[in-house]
$ cat protein_15.txt   # compact mmCIF, C-alpha atoms
# COMPACT_ATOMS: atom_id res chain seq x y z
CA MET G 927 23.64 -14.12 10.28
CA LYS G 928 21.11 -16.95 10.64
CA PRO G 929 18.34 -15.99 13.10
CA LYS G 930 17.55 -18.17 16.12
CA LEU G 931 14.12 -19.39 17.15
CA ARG G 932 12.58 -18.82 20.56
CA SER G 933 9.17 -19.75 22.00
CA VAL G 934 6.68 -16.87 21.89
CA PHE G 935 3.11 -17.57 22.99
CA ASN G 936 3.86 -21.27 22.58
CA GLN G 937 5.09 -21.01 18.98
CA PRO G 938 8.74 -21.22 17.78
CA SER G 939 9.34 -17.70 16.47
CA TRP G 940 12.02 -15.32 15.30
CA VAL G 941 12.14 -11.96 17.06
CA ILE G 942 13.54 -8.76 15.58
CA GLN G 943 13.56 -5.43 17.35
CA THR G 944 14.65 -1.82 17.48
CA LYS G 945 14.16 0.68 20.30
CA GLN G 946 10.71 1.46 18.88
CA VAL G 947 9.37 -1.92 17.69
CA SER G 948 9.67 -5.60 18.58
CA ALA G 949 8.10 -8.19 16.25
CA ALA G 950 7.79 -11.98 16.58
CA ILE G 951 7.37 -14.08 13.40
CA THR G 952 6.26 -17.72 13.75
CA HIS G 953 8.18 -20.55 12.11
CA VAL G 954 4.88 -22.12 11.04
CA GLY G 955 2.99 -19.87 8.65
CA GLY G 956 5.00 -16.69 9.22
CA HIS G 957 2.34 -15.12 11.46
CA ILE G 958 3.54 -11.81 12.90
CA ALA G 959 2.58 -11.22 16.55
CA PRO G 960 2.99 -10.03 19.14
CA VAL G 961 4.31 -6.71 17.85
CA TYR G 962 5.12 -4.05 20.41
CA PHE G 963 5.15 -0.53 18.95
CA ASN G 964 6.31 2.61 20.73
CA ARG G 965 8.23 0.42 23.17
CA ASP G 966 10.72 3.15 24.08
CA ARG G 967 7.85 5.13 25.65
CA ARG G 968 4.55 3.28 26.22
CA ALA G 969 4.46 -0.11 24.49
CA ILE G 970 1.36 -0.83 22.37
CA GLN G 971 0.48 -4.37 21.22
CA PRO G 972 -2.52 -4.16 18.85
CA TYR G 973 -2.63 -7.67 17.38
CA HIS G 974 -4.90 -10.58 18.20
CA ILE G 975 -3.58 -13.93 19.43
CA ALA G 976 -6.12 -16.79 19.38
CA PRO G 977 -7.32 -17.79 22.87
CA TRP G 978 -6.22 -21.42 22.38
CA TRP G 979 -2.54 -20.49 21.97
CA ASN G 980 -1.57 -22.45 25.12
CA GLU G 981 -4.01 -25.37 24.69
CA LYS G 982 -3.54 -28.83 23.25
CA VAL G 983 -5.78 -28.67 20.18
CA PRO G 984 -7.09 -31.69 18.22
CA ALA G 985 -4.53 -33.27 15.89
CA GLU G 986 -6.67 -32.51 12.82
CA THR G 987 -6.63 -28.76 13.51
CA LEU G 988 -5.17 -26.88 10.56
CA PRO G 989 -1.74 -25.32 11.19
CA ILE G 990 -3.10 -21.86 10.39
CA LEU G 991 -5.63 -22.21 13.23
CA LYS G 992 -3.12 -23.64 15.70
CA VAL G 993 -0.91 -20.59 15.21
CA LEU G 994 -3.58 -17.95 14.46
CA ARG G 995 -2.31 -14.50 15.41
CA GLY G 996 -1.37 -11.07 14.09
CA ASP G 997 -0.73 -10.63 10.38
CA PHE G 998 0.10 -13.33 7.85
CA PHE G 999 0.50 -13.46 4.08
CA CYS G 1000 -1.93 -15.55 2.01
CA LEU G 1001 -1.17 -17.20 -1.37
CA PRO G 1002 -3.78 -17.89 -2.52
CA PHE G 1003 -6.11 -15.94 -0.29
CA GLY G 1004 -9.35 -17.68 0.70
CA HIS G 1005 -10.66 -21.11 1.58
CA ASN G 1006 -9.95 -22.57 -1.89
CA THR G 1007 -12.63 -25.24 -1.55
CA ALA G 1008 -12.81 -25.69 -5.34
CA PRO G 1009 -9.60 -26.98 -6.99
CA TYR G 1010 -8.26 -24.84 -9.84
CA ARG G 1011 -6.69 -26.77 -12.74
CA GLY G 1012 -5.81 -29.59 -10.38
CA GLU G 1013 -4.40 -27.28 -7.71
CA LYS G 1014 -5.87 -27.86 -4.24
CA HIS G 1015 -4.54 -25.20 -1.92
CA PRO G 1016 -4.99 -25.24 1.87
CA VAL G 1017 -6.90 -22.41 3.55
CA HIS G 1018 -5.03 -19.17 2.71
CA GLY G 1019 -2.29 -21.21 1.03
CA GLU G 1020 0.85 -23.05 2.02
CA VAL G 1021 2.58 -19.82 3.04
CA ALA G 1022 0.18 -19.42 5.99
CA ASN G 1023 0.43 -23.08 7.06
CA ARG G 1024 3.90 -24.51 6.43
CA LEU G 1025 7.38 -23.96 7.82
CA TRP G 1026 9.42 -21.00 6.60
CA GLN G 1027 13.17 -21.35 6.08
CA PRO G 1028 15.45 -18.72 7.63
CA ILE G 1029 17.88 -17.17 5.15
CA GLU G 1030 19.42 -14.17 6.85
CA GLN G 1031 19.04 -11.66 9.65
CA ARG G 1032 20.81 -8.38 9.00
CA ARG G 1033 21.43 -5.50 11.39
CA THR G 1034 22.91 -2.10 10.59
CA GLY G 1035 23.01 1.23 12.36
CA ARG G 1036 19.70 2.06 10.66
CA GLY G 1037 17.71 -1.01 11.72
CA ILE G 1038 17.21 -4.75 11.31
CA SER G 1039 15.79 -7.06 8.63
CA LEU G 1040 14.76 -10.71 8.45
CA HIS G 1041 14.70 -12.80 5.25
CA LEU G 1042 12.64 -16.04 5.14
CA ARG G 1043 11.90 -18.33 2.19
CA MET G 1044 9.38 -21.02 1.27
CA PRO G 1045 9.49 -23.30 -1.79
CA VAL G 1046 5.78 -23.66 -2.64
CA LYS G 1047 4.64 -27.08 -3.88
CA VAL G 1048 1.00 -26.89 -5.05
CA ARG G 1049 1.93 -24.39 -7.74
CA ARG G 1050 5.67 -24.66 -8.06
CA GLY G 1051 7.54 -21.53 -7.15
CA THR G 1052 9.22 -19.64 -4.33
CA VAL G 1053 8.11 -16.95 -1.91
CA ASP G 1054 10.72 -14.77 -0.22
CA LYS G 1055 9.45 -12.94 2.85
CA ARG G 1056 11.41 -9.93 4.06
CA LEU G 1057 10.61 -7.77 7.08
CA ALA G 1058 12.39 -4.64 8.19
CA LEU G 1059 12.30 -2.40 11.25
CA VAL G 1060 13.91 1.03 10.90
CA ALA G 1061 15.36 2.95 13.83
CA GLY G 1062 13.03 5.76 14.83
CA HIS G 1063 10.03 4.31 12.93
CA ASN G 1064 6.95 2.74 14.57
CA ILE G 1065 6.47 0.75 11.37
CA VAL G 1066 6.77 -2.86 10.17
CA TYR G 1067 7.88 -2.93 6.53
CA GLN G 1068 7.10 -6.20 4.79
CA GLN G 1069 7.63 -7.68 1.33
CA ASN G 1070 6.54 -11.05 -0.06
CA LEU G 1071 8.24 -11.73 -3.40
CA ILE G 1072 6.59 -14.42 -5.57
CA SER G 1073 8.82 -16.00 -8.21
CA GLY G 1074 8.73 -18.99 -10.56
CA MET G 1075 4.92 -19.06 -10.86
CA THR G 1076 2.62 -18.32 -13.76
CA GLY G 1077 -1.13 -17.81 -14.09
CA PRO G 1078 -3.86 -16.11 -12.05
CA MET G 1079 -3.39 -15.93 -8.29
CA LEU G 1080 -5.23 -14.50 -5.30
CA VAL G 1081 -3.14 -12.72 -2.66
CA GLY G 1082 -3.74 -11.05 0.67
CA HIS G 1083 -2.45 -9.82 4.01
CA HIS G 1084 -4.51 -10.88 7.03
CA PRO G 1085 -3.91 -8.51 9.98
CA ASN G 1086 -6.03 -9.51 12.98
CA ILE G 1087 -6.56 -6.70 15.49
CA GLN G 1088 -7.64 -7.23 19.10
CA PHE G 1089 -10.23 -4.74 20.33
CA PRO G 1090 -10.84 -3.92 23.99
CA ASP G 1091 -13.85 -5.75 25.41
CA ARG G 1092 -16.13 -2.72 25.20
CA PRO G 1093 -18.80 -2.05 22.58
CA ALA G 1094 -17.52 0.31 19.83
CA SER G 1095 -14.11 0.68 21.49
CA GLY G 1096 -12.42 1.18 18.10
CA LYS G 1097 -13.26 3.54 15.22
CA ILE G 1098 -12.49 2.21 11.72
CA VAL G 1099 -11.81 4.54 8.79
CA LEU G 1100 -10.68 3.52 5.29
CA ARG G 1101 -9.56 5.67 2.43
CA PRO G 1102 -12.70 6.34 0.34
CA PHE G 1103 -13.52 3.20 -1.66
CA LEU G 1104 -15.41 2.57 -4.90
CA PHE G 1105 -18.03 0.29 -3.36
CA GLY G 1106 -18.53 -2.34 -0.69
CA ALA G 1107 -20.20 -5.74 -0.95
CA THR G 1108 -21.41 -8.44 1.41
CA CYS G 1109 -20.98 -12.10 0.58
CA PRO G 1110 -23.35 -13.29 -2.21
CA THR G 1111 -24.14 -16.43 -0.19
CA MET G 1112 -24.28 -17.26 3.52
CA VAL G 1113 -20.85 -16.93 5.11
CA GLU G 1114 -21.74 -19.10 8.09
CA ARG G 1115 -24.59 -21.56 8.68
CA PRO G 1116 -26.43 -22.25 11.94
CA GLU G 1117 -26.43 -25.98 11.20
CA ASP G 1118 -22.63 -25.79 11.37
CA GLY G 1119 -22.71 -23.87 14.65
CA SER G 1120 -21.93 -20.52 12.99
CA TYR G 1121 -23.96 -17.33 12.72
CA THR G 1122 -24.01 -14.19 10.56
CA PHE G 1123 -26.15 -11.05 10.54
CA LEU G 1124 -25.30 -9.12 7.35
CA LYS G 1125 -27.69 -9.41 4.41
CA ASN G 1126 -26.23 -11.43 1.54
CA GLY G 1127 -25.36 -9.99 -1.85
CA VAL G 1128 -25.83 -6.27 -1.23
CA THR G 1129 -23.57 -3.39 -2.23
CA PHE G 1130 -22.99 -0.27 -0.14
CA HIS G 1131 -20.95 2.93 -0.20
CA ASP G 1132 -20.84 3.85 3.49
CA LEU G 1133 -19.47 1.65 6.28
CA ARG G 1134 -22.08 3.16 8.57
CA ARG G 1135 -25.02 1.92 6.48
CA VAL G 1136 -24.89 -1.81 5.69
CA PRO G 1137 -28.14 -3.87 5.56
CA THR G 1138 -28.72 -6.76 7.99
CA ILE G 1139 -30.87 -9.89 7.80
CA TRP G 1140 -33.40 -8.20 10.11
CA GLY G 1141 -34.04 -5.27 7.78
CA THR G 1142 -32.05 -2.88 9.95
CA ILE G 1143 -28.85 -0.96 9.17
CA ALA G 1144 -25.50 -1.87 10.74
CA ASP G 1145 -22.60 0.49 11.42
CA LEU G 1146 -19.36 -1.27 10.44
CA SER G 1147 -17.23 1.79 11.20
CA VAL G 1148 -17.21 0.87 14.90
CA TYR G 1149 -16.28 -2.40 16.58
CA PRO G 1150 -16.86 -4.58 18.50
CA ASN G 1151 -20.59 -4.89 18.05
CA TYR G 1152 -23.04 -7.69 17.23
CA ARG G 1153 -21.58 -10.22 19.70
CA GLY G 1154 -22.36 -13.78 18.65
CA PHE G 1155 -21.83 -13.33 14.89
CA MET G 1156 -19.08 -13.78 12.29
CA ASP G 1157 -19.39 -11.76 9.06
CA LEU G 1158 -17.50 -10.59 5.98
CA ALA G 1159 -17.63 -7.28 4.13
CA LEU G 1160 -15.42 -6.39 1.14
CA MET G 1161 -14.53 -2.82 0.14
CA VAL G 1162 -13.04 -2.36 -3.35
CA ASN G 1163 -10.33 0.30 -3.66
CA ASP G 1164 -9.83 2.93 -6.34
CA PRO G 1165 -6.82 1.81 -8.44
CA LYS G 1166 -6.21 5.43 -9.48
CA GLN G 1167 -5.07 6.30 -5.96
CA GLU G 1168 -1.32 6.25 -5.38
CA PHE G 1169 -1.75 4.74 -1.91
CA GLY G 1170 -4.52 2.89 -0.14
CA TRP G 1171 -4.86 3.00 3.63
CA SER G 1172 -6.86 1.64 6.54
CA SER G 1173 -6.97 2.84 10.15
CA ILE G 1174 -8.38 1.93 13.55
CA THR G 1175 -8.36 4.51 16.34
CA PHE G 1176 -8.74 3.51 20.00
CA PRO G 1177 -9.55 6.84 21.69
CA ARG G 1178 -9.60 5.64 25.31
CA GLU G 1179 -6.37 3.68 24.88
CA GLY G 1180 -4.82 6.60 22.98
CA TYR G 1181 -3.42 5.05 19.80
CA VAL G 1182 -4.10 4.48 16.12
CA TRP G 1183 -3.13 1.44 14.04
CA PHE G 1184 -2.87 1.82 10.25
CA THR G 1185 -1.75 0.20 6.99
CA LEU G 1186 -0.42 1.55 3.72
CA LYS G 1187 -0.53 -0.32 0.39
CA ASP G 1188 -0.51 -0.08 -3.40
CA PRO G 1189 -4.19 -0.45 -4.48
CA ARG G 1190 -3.11 -1.91 -7.82
CA THR G 1191 -1.51 -4.86 -6.02
CA LEU G 1192 -3.84 -5.25 -3.03
CA LYS G 1193 -7.10 -4.16 -4.61
CA ALA G 1194 -9.63 -4.41 -1.79
CA THR G 1195 -10.02 -4.45 1.99
CA LEU G 1196 -11.96 -7.26 3.65
CA PHE G 1197 -13.45 -7.19 7.15
CA TRP G 1198 -13.48 -10.54 8.96
CA ARG G 1199 -15.67 -9.66 11.93
CA SER G 1200 -15.01 -12.54 14.32
CA ASN G 1201 -17.01 -11.80 17.45
CA GLY G 1202 -18.11 -15.13 18.90
CA GLY G 1203 -20.08 -16.33 15.87
CA ARG G 1204 -18.43 -19.76 15.57
CA TRP G 1205 -19.06 -22.58 18.04
CA ALA G 1206 -17.72 -25.72 16.34
CA ASP G 1207 -14.32 -27.31 17.02
CA ILE G 1208 -11.87 -25.06 18.88
CA TRP G 1209 -13.89 -21.84 18.41
CA ARG G 1210 -16.59 -22.48 21.05
CA GLY G 1211 -17.94 -18.92 20.87
CA ARG G 1212 -14.84 -17.51 22.55
CA HIS G 1213 -13.09 -15.95 19.53
CA ILE G 1214 -14.32 -12.44 20.27
CA ASN G 1215 -13.46 -8.78 19.68
CA CYS G 1216 -11.19 -9.72 16.76
CA LEU G 1217 -11.29 -7.86 13.46
CA GLY G 1218 -9.40 -9.12 10.45
CA ILE G 1219 -8.84 -5.95 8.41
CA GLU G 1220 -7.37 -7.69 5.40
CA ASP G 1221 -5.84 -6.16 2.29
CA VAL G 1222 -6.55 -8.56 -0.56
CA THR G 1223 -6.87 -9.17 -4.28
CA TRP G 1224 -9.88 -11.49 -4.20
CA TRP G 1225 -13.61 -11.84 -4.68
CA TYR G 1226 -16.06 -14.08 -2.85
CA GLY G 1227 -16.27 -17.74 -3.84
CA GLY G 1228 -14.59 -21.10 -3.60
CA GLY G 1229 -11.17 -20.12 -4.90
CA ILE G 1230 -9.18 -18.97 -7.91
CA GLY G 1231 -11.64 -20.27 -10.51
CA ASP G 1232 -14.54 -18.30 -9.02
CA CYS G 1233 -12.52 -15.08 -9.11
CA LEU G 1234 -12.07 -15.50 -12.87
CA LYS G 1235 -15.83 -15.42 -13.45
CA PRO G 1236 -17.70 -12.15 -14.04
CA ASN G 1237 -18.51 -10.43 -10.74
CA PRO G 1238 -19.30 -6.91 -9.48
CA MET G 1239 -15.57 -6.16 -9.13
CA SER G 1240 -14.52 -7.31 -12.61
CA LYS G 1241 -17.53 -5.55 -14.17
CA ARG G 1242 -15.98 -2.30 -12.93
CA GLY G 1243 -12.74 -3.14 -14.72
CA ILE G 1244 -10.84 -4.39 -11.65
CA LYS G 1245 -9.58 -7.96 -11.89
CA PRO G 1246 -9.86 -9.71 -8.48
CA TYR G 1247 -6.61 -11.62 -9.11
CA LEU G 1248 -2.99 -11.01 -10.11
CA GLN G 1249 -1.49 -12.50 -13.26
CA LEU G 1250 1.84 -14.05 -12.25
CA SER G 1251 4.75 -14.55 -14.65
CA LYS G 1252 7.81 -16.78 -14.39
CA GLN G 1253 9.81 -14.11 -16.19
CA ARG G 1254 8.96 -11.35 -13.73
CA PRO G 1255 8.67 -11.85 -9.94
CA THR G 1256 5.69 -10.20 -8.26
CA ALA G 1257 6.31 -8.15 -5.11
CA ILE G 1258 3.64 -7.51 -2.50
CA ASN G 1259 4.87 -4.57 -0.42
CA TYR G 1260 3.05 -3.60 2.77
CA ILE G 1261 3.37 -1.16 5.66
CA GLN G 1262 1.77 -1.50 9.09
CA GLY G 1263 2.22 1.01 11.89
CA CYS G 1264 0.89 1.99 15.29
CA VAL G 1265 1.41 5.29 17.10
CA PRO G 1266 0.02 7.21 20.11
CA VAL G 1267 -2.55 9.94 19.47
CA PRO G 1268 -3.37 12.99 21.61
CA LYS G 1269 -6.39 13.17 23.88
CA GLY G 1270 -9.49 14.00 21.87
CA PHE G 1271 -8.21 12.28 18.71
CA ASN G 1272 -11.21 9.99 18.12
CA GLU G 1273 -10.95 8.98 14.46
CA VAL G 1274 -8.80 9.39 11.37
CA LYS G 1275 -9.98 11.86 8.77
CA LYS G 1276 -7.11 11.45 6.33
CA ILE G 1277 -3.63 9.94 6.00
CA GLU G 1278 -1.36 12.15 3.92
CA VAL G 1279 2.00 11.27 2.43
CA VAL G 1280 3.84 14.58 2.87
CA SER G 1281 7.31 13.32 1.87
CA ASP G 1282 9.20 10.09 1.45
CA ASP G 1283 10.16 10.35 5.11
CA GLU G 1284 6.88 11.22 6.76
CA LEU G 1285 3.13 10.63 6.99
CA VAL G 1286 0.64 12.91 8.65
CA ILE G 1287 -2.40 11.23 10.20
CA ARG G 1288 -5.11 13.87 10.50
CA GLY G 1289 -7.90 13.37 12.98
CA ASN G 1290 -11.00 15.16 14.16
CA ALA G 1291 -10.95 18.61 15.76
CA GLY G 1292 -7.82 19.57 13.81
CA LYS G 1293 -5.62 17.11 15.67
CA ALA G 1294 -2.76 15.43 13.77
CA VAL G 1295 0.15 13.04 14.30
CA ARG G 1296 3.37 13.14 12.28
CA VAL G 1297 4.81 9.67 11.65
CA PRO G 1298 8.32 8.90 10.32
CA CYS G 1299 7.75 6.45 7.44
CA THR G 1300 9.51 5.66 4.14
CA THR G 1301 6.42 5.62 1.98
CA SER G 1302 8.24 4.91 -1.31
CA PHE G 1303 8.78 1.35 -0.07
CA ILE G 1304 5.20 0.57 -1.14
CA HIS G 1305 6.17 1.07 -4.78
CA THR G 1306 9.89 0.23 -4.82
CA GLY G 1307 10.12 -2.56 -2.23
CA ARG G 1308 13.77 -1.63 -1.71
CA LEU G 1309 14.72 -2.76 1.78
CA ALA G 1310 18.28 -1.60 1.10
CA ASP G 1311 16.97 1.97 1.07
CA LEU G 1312 15.64 1.42 4.60
CA ILE G 1313 18.54 -0.19 6.46

$ encode --input "protein_15.txt" --output "structure tokens"
Amino acid sequence: MKPKLRSVFNQPSWVIQTKQVSAAITHVGGHIAPVYFNRDRRAIQPYHIAPWWNEKVPAETLPILKVLRGDFFCLPFGHNTAPYRGEKHPVHGEVANRLWQPIEQRRTGRGISLHLRMPVKVRRGTVDKRLALVAGHNIVYQQNLISGMTGPMLVGHHPNIQFPDRPASGKIVLRPFLFGATCPTMVERPEDGSYTFLKNGVTFHDLRRVPTIWGTIADLSVYPNYRGFMDLALMVNDPKQEFGWSSITFPREGYVWFTLKDPRTLKATLFWRSNGGRWADIWRGRHINCLGIEDVTWWYGGGIGDCLKPNPMSKRGIKPYLQLSKQRPTAINYIQGCVPVPKGFNEVKKIEVVSDDELVIRGNAGKAVRVPCTTSFIHTGRLADLI
């Protein structure tokens, strides 16, 4: 069955839903939001939607910014300011900016799936996007399958989470990482109406201790903080781990949002701390309390070519790119979920895969939440096993 479009926050979107989850996917760029989890009890909508969603923006505004919301896939990830072998990709790639083609919507007694496709032009190939919602699961399963391409490529998922307008309203915990790094050069410049506070070119091993330009130490494990700044921080994952994960707990609101990934495919986690640090164009200092908690294969720089050069990530034996092959499609499998937590659950201590049907999210004070989830999807990508 071909899915039908409807207007959601002023963007033509497809909507799929089960009793537990409802997800809207935009026609332009495939941005996923709003997503309502736990809707059969107390609906939770954790994703950010840009404040200009209902405004008439300047004609030259990039499609990705017009739509900006929730999670979207990036191919290649990054600004791509420097062409690579004649390829000039738009910000975060065509897949985050152009129209997706609907292929099929499928519903069974076990759930619903949506299949979209985009023929990519800058580097010829095809991306097939598939999303699935499973009955009884507060999870969005997502696969982006890259075929027909060859050569090095940067990839990423770009979930944007909206935090309550209270300092340190959310607690961020990642699976232990190898090292973190700030941008080697200035991320934003005051002469462009943009401001940053993290010290350039430093490495760190604790989110709670990251140097600033003032000689102080910032705690990146809580957010929002440092209103008036926009910063990046990259945490490189351990490829020996079977799963990588990220989490944000909102104790007062009573829920935790999390992701699950293969750290050999999405090799790092990037924080895009957008808290009013940009004033030019449509930003005007009002893009606040938004954290992009992005799972990527990427290193800082102007694009693909820069990621091929020696850098702190490659020097540790981790290539900040994927090598695509026309003979073998590359699948990027990803899980995002959001569930209520009991009173007193203030932060995640560990996410454990206890079986192929269940996760346990362990918190402080011995508190835990059991979450139905088909974890093998991260490695198999088999939607047929889900619905």

$ closest_residue --input "protein_15.txt" --among "G:Arg1115, G:Lys1125, G:Lys1097, G:Arg1134" --to "G:Val1148" --atoms "all atoms listed in the file"
G:Lys1097

$ atom_distance --input "protein_15.txt" --atom1 "atom CA of G:Gly1035" --atom2 "atom CA of G:Pro929"
17.9 Å

$ residues_around --input "protein_15.txt" --residues "stretch 1274-1291 of chain G" --least-positions-apart "2" --cutoff "12 Å" --atoms "only C-alpha atoms" --output "VMD selection string"
chain G and resid 1060 1062 to 1065 1096 to 1102 1147 1168 to 1177 1181 to 1186 1261 1263 to 1272 1293 to 1306 1311 to 1312

$ closest_residue --input "protein_15.txt" --among "G:Phe1130, G:Ala1061, G:Tyr973, G:Gly1203" --to "G:Ile1038" --atoms "all atoms listed in the file"
G:Ala1061

$ residues_near_point --input "protein_15.txt" --point "(1.5, -12.9, -11.4)" --cutoff "7 Å" --atoms "all atoms listed in the file" --output "list of chain:residue names"
G:Thr1076, G:Gly1077, G:Pro1078, G:Met1079, G:Leu1248, G:Gln1249, G:Leu1250, G:Ser1251, G:Thr1256

$ residues_around --input "protein_15.txt" --residues "G:Trp940" --least-positions-apart "2" --cutoff "8 Å" --atoms "all atoms listed in the file" --output "list in words"
Pro929, Lys930, Leu931, Arg932, Pro938, Ile942, Ala950, Ile951, Thr952 and His953 of chain G

$ residues_around --input "protein_15.txt" --residues "G:Lys1252" --least-positions-apart "6" --cutoff "7 Å" --atoms "only C-alpha atoms" --output "list in words"
Ser1073, Gly1074, Met1075 and Thr1076 of chain G

$ residues_around --input "protein_15.txt" --residues "stretch 1050-1054 of chain G" --least-positions-apart "3" --cutoff "7 Å" --atoms "only C-alpha atoms" --output "PyMOL selection string"
chain G and resi 1042-1047+1070-1075

$ residues_around --input "protein_15.txt" --residues "stretch 977-984 of chain G" --least-positions-apart "5" --cutoff "7 Å" --atoms "all atoms listed in the file" --output "list in words"
Phe935, Asn936, Val993 and His1213 of chain G

$ closest_residue --input "protein_15.txt" --among "G:Val1017, G:Val947, G:Leu1192, G:His1041" --to "G:His1005" --atoms "all atoms listed in the file"
G:Val1017
